[in-house]
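Everything on this sheet refers to the single structure shown next.
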Amino acid sequence: MDKKTMARRQKTRQKLTPFFSWAMRGIWQALTTIVAWLVSVVRVILTLIIEKVNHLINYLVQRKLVLFVLFLFLAFGLLGLAAIIPRTHIFEGNLIVEEFTFTYNGGKDKLFLDSMRGIRHLEIDGVINNELTFAGEFKSTSFSQLNQLNKPLKIRLVNRNSKLIIEPVDTKKSSDIDLTELRLLPDTKVSGFTYNLSQKQHRLDFDLQHNPTSQTQPNELKIYLGEKPIKVILENYDISGLNQNKLDKQQPLEFLLTPNKKELNLELKQKNSIYLSLDESNKNDPNLWFQEKIDTKDVHFQRLDRTGDISDDVTVSTIVEGKIRMVEQEREIKANQFLMGDEPNTPLNIERIRHLQIVPKKGLEVRISGRTKQIQIGLDKDFPVSRIQGSWLDGFLPRDAIVALFSFSAATITYLLGFLIENASKSDSNPKSP
């Protein structure tokens, strides 16, 4: 690099140095001015806020009575709302019904019926999942091959039109046929459960509907056949191990059996209808047939009267009489009235059938319990005539105290509201000070 070039660069630096110094001083002064302005703005805003807060505090101090009245207004308003806003509560009831339907909602299998001794008639319709085995001495007029049978007879009931009927041969003597037990699996629906006393016989009818989506095992029904001869009638069946050329399967198969194999276990995995009848004079107490504390859901006390046209079908209540109680309020239920939950078409949330027993010439006594916000009762679902509704205060205070508190709160709010309106009017009428 020559001396002339170095001299030119030195002169250029000497000229730019004053410019940079001037620019930096300008930027610094601008930043200082902006910061000072921001600080002053913040101070003004803080001063205004403090003044307004002090003004508000002074106003409230001067208006202590108004502030106290507002507080009371809010407090009594909340109490009034707590006395009317619905809340879920426990209810219990005791009903006598002709028929009811429920779904078992327990976590494991539950014993439902047992110790039904001396059965006069047992009929099961529908598919039976397992192969039935009858062993003993056979007699049949419709299928003579059974008369020489010296081995167990194995039968399957294969479709929903299948039928198994078991009865004692001698109707004048006591029956040895017993229902040992019927167990329900979770989500099994028991529908059309009906009791009636007819021709001096206890009669129980109901349907079992297995839920295939949640169950892998079938419901189990155990029958004790006894030692006396019994009559067996089969419809829509399959027999294995016999020549069936002379057997007309379009006709029921009837045979008499003196059983060697005393027990018969039935696996019910689809929809089955079960019909039972026992003598009224039977010494076996009917109220020992049913198990207690059955966890339930979708409980209905109604039936559908079919007319042949779906649009004309009528839903009829099956309640004969009863009482229900919640939050210290009790309502009587008359014959043919519906028992509903929060909505007319929503069944009451019955979570447990605590007790089930027979009431001769009336029906079934069902003791129920559950949780709900509201109970509705009426002959027409759309027009309930009686209600029970629990509030947020129920469970903490007696019902009479809640009613008194609500009345007092309403009266107090009315008075306080009048006071506030009057005070506001007086404030507006006072001239403003200069």
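Letters A, B, ... mark the chains of the structure tokens in the order given; residue numbers begin at 1 per chain; ligand numbers begin at 1, in order shown.
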Need to verify the contact set: stretch 304-313 of chain A, 12 Å, only C-alpha atoms, exclusion of same-chain residues closer than 5 positions in sequence. Can you return it as a PDB file with C-alpha atoms, in the first residue's frame?
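Listing of selection-v8.pdb after writing:
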ATOM      1  CA  GLU A  99     -95.332 -56.666  36.873  1.00  0.00           C
ATOM      2  CA  PHE A 100     -91.903 -55.082  36.596  1.00  0.00           C
ATOM      3  CA  THR A 101     -88.720 -55.143  34.519  1.00  0.00           C
ATOM      4  CA  SER A 191     -88.528 -58.468  31.909  1.00  0.00           C
ATOM      5  CA  GLY A 192     -92.220 -59.018  32.491  1.00  0.00           C
ATOM      6  CA  THR A 318     -98.476 -51.904  36.668  1.00  0.00           C
TER       7      THR A 318
END
Contact check, stretch 151-251 of chain A to stretch 358-373 of chain A, at most 12 Å, counting only C-alpha atoms, closest pairs as a Markdown table:
| residue | atom | partner | partner_atom | distance |
| --- | --- | --- | --- | --- |
| A:Phe193 | CA | A:Leu364 | CA | 9.2 |
| A:Thr194 | CA | A:Gly363 | CA | 7.7 |
| A:Tyr195 | CA | A:Gly363 | CA | 5.7 |
| A:Asn196 | CA | A:Gly363 | CA | 6.2 |
| A:Leu197 | CA | A:Lys361 | CA | 6.0 |
| A:Ser198 | CA | A:Lys361 | CA | 8.8 |
| A:Gln199 | CA | A:Lys361 | CA | 11.5 |
| A:Lys200 | CA | A:Pro360 | CA | 10.6 |
| A:Gln201 | CA | A:Pro360 | CA | 10.5 |
| A:His202 | CA | A:Pro360 | CA | 8.7 |
| A:Arg203 | CA | A:Gly363 | CA | 10.5 |
| A:Leu204 | CA | A:Ile358 | CA | 10.2 |
Please build the interface table for stretch 248-306 of chain A against stretch 347-351 of chain A with a cut-off of 10 Å, listing for each qualifying residue the nearest atom pair and the distance in Å to one decimal; count only C-alpha atoms, order rows by chain and increasing number, and write it as a Markdown table.
| residue | atom | partner | partner_atom | distance |
| --- | --- | --- | --- | --- |
| A:Lys293 | CA | A:Glu351 | CA | 9.8 |
| A:Ile294 | CA | A:Glu351 | CA | 8.5 |
| A:Asp295 | CA | A:Glu351 | CA | 5.8 |
| A:Thr296 | CA | A:Glu351 | CA | 4.9 |
| A:Lys297 | CA | A:Glu351 | CA | 5.7 |
| A:Asp298 | CA | A:Pro347 | CA | 6.7 |
| A:Val299 | CA | A:Ile350 | CA | 6.3 |
| A:His300 | CA | A:Pro347 | CA | 6.5 |
| A:Phe301 | CA | A:Pro347 | CA | 9.0 |
Enumerate the residues of stretch 168-368 of chain A with a DSSP assignment of helix (DSSP H, G or I), computed from the backbone, and present them as a ChimeraX atom specification. /A:286-288,310-312
Next, the residues of the selection above should be written as an mmCIF file, in the first residue's frame with C-alpha atoms.
data_model
loop_
_atom_site.group_PDB
_atom_site.id
_atom_site.type_symbol
_atom_site.label_atom_id
_atom_site.label_comp_id
_atom_site.auth_asym_id
_atom_site.auth_seq_id
_atom_site.Cartn_x
_atom_site.Cartn_y
_atom_site.Cartn_z
ATOM 1 C CA PRO A 286 -92.835 -68.131 48.812
ATOM 2 C CA ASN A 287 -91.034 -65.189 50.373
ATOM 3 C CA LEU A 288 -87.883 -67.291 50.712
ATOM 4 C CA ILE A 310 -97.308 -50.056 16.788
ATOM 5 C CA SER A 311 -98.697 -46.523 16.631
ATOM 6 C CA ASP A 312 -101.707 -47.608 18.704
#
Please list as a list in words every residue within 9 Å of A:Asp382, counting only C-alpha atoms and excluding residues in the same chain fewer than 3 positions away.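 After dropping sequence-adjacent residues, the list is Pro344, Asn345, Gly378 and Leu379 of chain A.
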Check the DSSP output for the backbone and give back, as an MDAnalysis selection string, the residues of stretch 156-200 of chain A in strand (DSSP E). chainID A and resid 156:157 163:168 178:184 189:198
Writer output for current selection, C-alpha atoms, as a tab-separated table (two decimals), in the first residue's frame:
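Written file, part.tsv:
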chain	number	residue	atom	x	y	z
A	156	ARG	CA	-80.82	-79.87	22.38
A	157	LEU	CA	-83.31	-77.01	22.18
A	163	LYS	CA	-89.87	-75.46	24.50
A	164	LEU	CA	-89.19	-77.64	27.55
A	165	ILE	CA	-92.02	-78.54	29.95
A	166	ILE	CA	-91.54	-80.61	33.12
A	167	GLU	CA	-94.44	-81.69	35.36
A	168	PRO	CA	-95.09	-84.42	37.95
A	178	ASP	CA	-87.42	-78.09	42.75
A	179	LEU	CA	-85.82	-75.01	41.32
A	180	THR	CA	-82.50	-75.17	43.13
A	181	GLU	CA	-81.14	-71.84	41.95
A	182	LEU	CA	-81.20	-69.25	39.19
A	183	ARG	CA	-78.15	-67.01	38.95
A	184	LEU	CA	-77.98	-63.75	37.00
A	189	LYS	CA	-82.41	-58.16	31.68
A	190	VAL	CA	-85.34	-59.64	33.61
A	191	SER	CA	-88.53	-58.47	31.91
A	192	GLY	CA	-92.22	-59.02	32.49
A	193	PHE	CA	-91.65	-60.43	35.99
A	194	THR	CA	-95.21	-61.30	37.02
A	195	TYR	CA	-96.88	-63.05	39.93
A	196	ASN	CA	-100.51	-64.09	40.26
A	197	LEU	CA	-102.54	-66.50	42.35
A	198	SER	CA	-104.76	-68.55	40.07
Show which residues sit within 8 Å of A:Trp392, as a list in words. Count only C-alpha atoms, and ignore same-chain residues fewer than 4 positions away. Ala82, Ala83, Ile84, Ile85, Pro86 and Arg87 of chain A
Write the selection just made, keeping N, CA and C atoms, as a compact mmCIF listing (two decimals), in the first residue's frame?
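Wrote it out as again08.txt, contents follow:
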# COMPACT_ATOMS: atom_id res chain seq x y z
N ALA A 82 -80.03 -21.65 47.03
CA ALA A 82 -79.66 -22.96 47.56
C ALA A 82 -80.88 -23.75 48.02
N ALA A 83 -81.96 -23.03 48.36
CA ALA A 83 -83.17 -23.70 48.83
C ALA A 83 -84.04 -24.20 47.69
N ILE A 84 -83.77 -23.77 46.44
CA ILE A 84 -84.62 -24.18 45.32
C ILE A 84 -83.85 -24.90 44.21
N ILE A 85 -82.54 -24.70 44.09
CA ILE A 85 -81.77 -25.37 43.04
C ILE A 85 -81.72 -26.87 43.36
N PRO A 86 -82.13 -27.74 42.42
CA PRO A 86 -82.19 -29.19 42.71
C PRO A 86 -80.81 -29.81 42.85
N ARG A 87 -80.77 -30.86 43.66
CA ARG A 87 -79.54 -31.62 43.88
C ARG A 87 -79.91 -33.09 44.05
Given only C-alpha atoms as the counted atoms, nearest of A:Leu153, A:Val44, A:Leu242, A:Leu278 to A:Arg117: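 The closest residue to A:Arg117 is A:Leu278.
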